[in-house]
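Colleague: Below you'll find model-v2.pdb; it's PDB, C-alpha atoms.
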MODEL        1
ATOM      1  CA  MET H   1       6.808  -6.170 -10.373
ATOM      2  CA  LEU H   2       5.859  -2.826 -11.904
ATOM      3  CA  LEU H   3       2.904  -0.632 -11.011
ATOM      4  CA  CYS H   4       1.565   2.057 -13.299
ATOM      5  CA  ILE H   5      -0.442   4.620 -11.437
ATOM      6  CA  GLY H   6      -2.709   7.448 -12.650
ATOM      7  CA  LEU H   7      -2.573  10.836 -10.958
ATOM      8  CA  SER H   8      -5.541  11.441  -8.717
ATOM      9  CA  GLY H   9      -6.382  13.691  -5.817
ATOM     10  CA  CYS H  10      -7.934  12.771  -2.539
ATOM     11  CA  ASN H  11      -9.134  15.681  -0.429
ATOM     12  CA  GLU H  12     -11.639  13.798   1.680
ATOM     13  CA  GLU H  13     -10.477  13.092   5.215
ATOM     14  CA  ARG H  14     -11.185   9.571   6.400
ATOM     15  CA  ASP H  15     -12.722   8.913   9.809
ATOM     16  CA  THR H  16     -10.548   6.188  11.301
ATOM     17  CA  SER H  17     -12.011   6.344  14.812
ATOM     18  CA  SER H  18     -14.199   3.287  14.234
ATOM     19  CA  ASN H  19     -11.886   1.538  11.780
ATOM     20  CA  PRO H  20     -10.318  -1.603  13.290
ATOM     21  CA  ASN H  21      -7.549  -1.489  10.656
ATOM     22  CA  THR H  22      -6.262   1.942  11.750
ATOM     23  CA  THR H  23      -3.335   0.579  13.753
ATOM     24  CA  GLU H  24      -2.480  -1.931  11.044
ATOM     25  CA  GLU H  25      -2.622   0.775   8.371
ATOM     26  CA  ASN H  26      -0.239   2.939  10.415
ATOM     27  CA  ARG H  27       2.448   0.290   9.951
ATOM     28  CA  PHE H  28       2.397   0.944   6.194
ATOM     29  CA  PHE H  29       2.785   4.742   6.359
ATOM     30  CA  GLY H  30       6.054   5.968   4.908
ATOM     31  CA  THR H  31       8.403   5.101   2.071
ATOM     32  CA  TRP H  32       9.475   1.541   1.299
ATOM     33  CA  TYR H  33      12.115   0.505  -1.228
ATOM     34  CA  ASN H  34      14.003  -2.392  -2.778
ATOM     35  CA  ASN H  35      16.394  -2.677  -5.737
ATOM     36  CA  SER H  36      13.724  -1.941  -8.330
ATOM     37  CA  TRP H  37      10.736  -0.324  -6.647
ATOM     38  CA  THR H  38       9.947   2.505  -4.230
ATOM     39  CA  ILE H  39       6.434   2.950  -2.871
ATOM     40  CA  THR H  40       5.101   5.476  -0.350
ATOM     41  CA  PHE H  41       1.903   4.932   1.644
ATOM     42  CA  PHE H  42       0.109   8.023   2.977
ATOM     43  CA  SER H  43      -2.357   8.372   5.846
ATOM     44  CA  ASP H  44      -5.001   9.789   3.475
ATOM     45  CA  GLY H  45      -5.360   6.326   1.912
ATOM     46  CA  THR H  46      -3.237   6.982  -1.178
ATOM     47  CA  TYR H  47       0.098   5.582  -2.298
ATOM     48  CA  THR H  48       2.630   6.659  -4.885
ATOM     49  CA  GLU H  49       5.114   4.707  -6.888
ATOM     50  CA  SER H  50       6.543   7.612  -8.828
ATOM     51  CA  PHE H  51       4.706  10.876  -9.477
ATOM     52  CA  GLN H  52       1.138   9.663  -9.165
ATOM     53  CA  ALA H  53      -1.181   8.769  -6.295
ATOM     54  CA  ASP H  54      -3.893   6.125  -6.040
ATOM     55  CA  PRO H  55      -5.970   4.634  -3.207
ATOM     56  CA  TRP H  56      -5.003   1.680  -1.030
ATOM     57  CA  GLU H  57      -6.604  -0.096   1.901
ATOM     58  CA  ILE H  58      -6.411  -3.067   4.223
ATOM     59  CA  LYS H  59      -9.463  -5.286   3.855
ATOM     60  CA  ASP H  60     -10.010  -8.786   5.218
ATOM     61  CA  GLY H  61      -6.341  -8.981   6.179
ATOM     62  CA  LYS H  62      -5.096  -8.166   2.663
ATOM     63  CA  LEU H  63      -3.415  -5.097   1.187
ATOM     64  CA  ILE H  64      -5.346  -3.823  -1.821
ATOM     65  CA  LEU H  65      -3.681  -1.386  -4.231
ATOM     66  CA  TYR H  66      -6.012   0.379  -6.617
ATOM     67  CA  SER H  67      -5.048   1.631 -10.065
ATOM     68  CA  ASP H  68      -7.154   4.796  -9.932
ATOM     69  CA  SER H  69      -9.537   6.796  -7.785
ATOM     70  CA  SER H  70     -12.513   4.754  -9.019
ATOM     71  CA  LYS H  71     -11.028   1.924  -6.922
ATOM     72  CA  VAL H  72     -10.329  -0.546  -9.706
ATOM     73  CA  SER H  73      -8.162  -3.125  -7.938
ATOM     74  CA  PHE H  74      -4.624  -3.343  -9.282
ATOM     75  CA  GLY H  75      -3.318  -5.917  -6.850
ATOM     76  CA  LEU H  76      -4.273  -7.980  -3.841
ATOM     77  CA  PHE H  77      -1.414  -8.856  -1.506
ATOM     78  CA  ASP H  78      -0.758 -10.874   1.602
ATOM     79  CA  TYR H  79       1.681  -8.946   3.756
ATOM     80  CA  GLU H  80       4.033  -9.525   6.640
ATOM     81  CA  PHE H  81       6.028  -7.050   8.691
ATOM     82  CA  SER H  82       9.282  -8.127  10.305
ATOM     83  CA  GLU H  83      12.475  -6.706  11.822
ATOM     84  CA  ASN H  84      10.570  -4.340  14.101
ATOM     85  CA  ASP H  85       8.296  -3.204  11.232
ATOM     86  CA  SER H  86      11.249  -2.078   9.115
ATOM     87  CA  LYS H  87      10.808  -4.899   6.575
ATOM     88  CA  LEU H  88       7.634  -5.491   4.560
ATOM     89  CA  THR H  89       7.080  -8.648   2.539
ATOM     90  CA  LEU H  90       4.271  -8.548  -0.037
ATOM     91  CA  THR H  91       3.015 -11.712  -1.699
ATOM     92  CA  GLN H  92       0.734 -11.167  -4.682
ATOM     93  CA  VAL H  93      -2.299 -13.388  -4.151
ATOM     94  CA  SER H  94      -2.909 -14.021  -7.874
ATOM     95  CA  ASN H  95       0.517 -15.452  -8.702
ATOM     96  CA  GLY H  96       2.540 -15.868  -5.495
ATOM     97  CA  ASN H  97       5.204 -13.316  -6.508
ATOM     98  CA  ILE H  98       7.057 -12.079  -3.438
ATOM     99  CA  THR H  99       8.474  -8.582  -3.100
ATOM    100  CA  VAL H 100      10.467  -7.474  -0.051
ATOM    101  CA  PHE H 101      10.778  -3.810   0.971
ATOM    102  CA  ILE H 102      12.868  -1.968   3.535
ATOM    103  CA  LYS H 103      11.442   1.125   5.219
ATOM    104  CA  GLN H 104      13.343   4.323   4.468
TER
ENDMDL
END
Please express what this file holds, its structure, as structure tokens.
Modeller:
Amino acid sequence: MLLCIGLSGCNEERDTSSNPNTTEENRFFGTWYNNSWTITFFSDGTYTESFQADPWEIKDGKLILYSDSSKVSFGLFDYEFSENDSKLTLTQVSNGNITVFIKQ
């Protein structure tokens, strides 16, 4: 699985005080890797795969990765944390592809 991401900035701070996903989102923060892919999730709602940042969010129990700041959805994923939140399994909803990451 390969993600291409456009460089974008995000200076707006998000108010997470009333967001029920805040705790769940915290589990994603940090860098995750496998043999072919490294992805970093940031608390400002962006992620990077290489040198570029784009938005992400948890919505209706799914991880949504966007391909640019206009929030065009790149991928919708089911996710599962295991091994004390050090392992993240993503299953792409559209095709069932499974990708497993280890937290760095």
Colleague: Is there a way to get, as a PDB file with C-alpha atoms, keeping the file's coordinate frame, all residues within 12 Å of the point (1.4, -6.4, -8.9) in file coordinates, counting only C-alpha atoms?
Modeller:
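In the end it all went to selection24.pdb:
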ATOM      1  CA  MET H   1       6.808  -6.170 -10.373  1.00  0.00           C
ATOM      2  CA  LEU H   2       5.859  -2.826 -11.904  1.00  0.00           C
ATOM      3  CA  LEU H   3       2.904  -0.632 -11.011  1.00  0.00           C
ATOM      4  CA  CYS H   4       1.565   2.057 -13.299  1.00  0.00           C
ATOM      5  CA  ILE H   5      -0.442   4.620 -11.437  1.00  0.00           C
ATOM      6  CA  TRP H  37      10.736  -0.324  -6.647  1.00  0.00           C
ATOM      7  CA  GLU H  49       5.114   4.707  -6.888  1.00  0.00           C
ATOM      8  CA  LEU H  63      -3.415  -5.097   1.187  1.00  0.00           C
ATOM      9  CA  ILE H  64      -5.346  -3.823  -1.821  1.00  0.00           C
ATOM     10  CA  LEU H  65      -3.681  -1.386  -4.231  1.00  0.00           C
ATOM     11  CA  TYR H  66      -6.012   0.379  -6.617  1.00  0.00           C
ATOM     12  CA  SER H  67      -5.048   1.631 -10.065  1.00  0.00           C
ATOM     13  CA  SER H  73      -8.162  -3.125  -7.938  1.00  0.00           C
ATOM     14  CA  PHE H  74      -4.624  -3.343  -9.282  1.00  0.00           C
ATOM     15  CA  GLY H  75      -3.318  -5.917  -6.850  1.00  0.00           C
ATOM     16  CA  LEU H  76      -4.273  -7.980  -3.841  1.00  0.00           C
ATOM     17  CA  PHE H  77      -1.414  -8.856  -1.506  1.00  0.00           C
ATOM     18  CA  ASP H  78      -0.758 -10.874   1.602  1.00  0.00           C
ATOM     19  CA  LEU H  90       4.271  -8.548  -0.037  1.00  0.00           C
ATOM     20  CA  THR H  91       3.015 -11.712  -1.699  1.00  0.00           C
ATOM     21  CA  GLN H  92       0.734 -11.167  -4.682  1.00  0.00           C
ATOM     22  CA  VAL H  93      -2.299 -13.388  -4.151  1.00  0.00           C
ATOM     23  CA  SER H  94      -2.909 -14.021  -7.874  1.00  0.00           C
ATOM     24  CA  ASN H  95       0.517 -15.452  -8.702  1.00  0.00           C
ATOM     25  CA  GLY H  96       2.540 -15.868  -5.495  1.00  0.00           C
ATOM     26  CA  ASN H  97       5.204 -13.316  -6.508  1.00  0.00           C
ATOM     27  CA  ILE H  98       7.057 -12.079  -3.438  1.00  0.00           C
ATOM     28  CA  THR H  99       8.474  -8.582  -3.100  1.00  0.00           C
TER      29      THR H  99
END
Colleague: Run the PyMOL selection byres ((chain H and resi 40) around 10) against the file shown and list the residues it catches, as an MDAnalysis selection string.
Modeller: chainID H and resid 28:33 38:39 41:42 46:50 53 103:104
Colleague: To one decimal place, how far is atom CA of H:Phe101 from atom CA of H:Ser86 in Å?
Modeller: 8.3 Å
Colleague: Grab the atom CA of H:Ser82 to atom CA of H:Asp54 distance for me, in Å with one decimal place.
Modeller: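 So the two atoms, atom CA of H:Ser82 and atom CA of H:Asp54, lie 25.4 Å apart.
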Colleague: With distances taken over all atoms listed in the file, which residue among H:Glu25, H:Lys87, H:Asn34, H:Tyr79 lies nearest H:Glu57?
Modeller: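 Comparing H:Glu25, H:Lys87, H:Asn34, H:Tyr79 against H:Glu57, the winner is H:Glu25.
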Colleague: Interatomic distance between atom CA of H:Gly61 and atom CA of H:Ser36?
Modeller: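 The value is 25.7 Å.
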Colleague: Go ahead and fit an axis-aligned box to every listed atom of stretch 26-34 of chain H plus 5 Å each side, and pass me the centre and edge lengths in Å, one decimal, as lines of an AutoDock Vina configuration file.
Modeller:
center_x = 6.9
center_y = 1.8
center_z = 3.8
size_x = 24.2
size_y = 18.4
size_z = 23.2
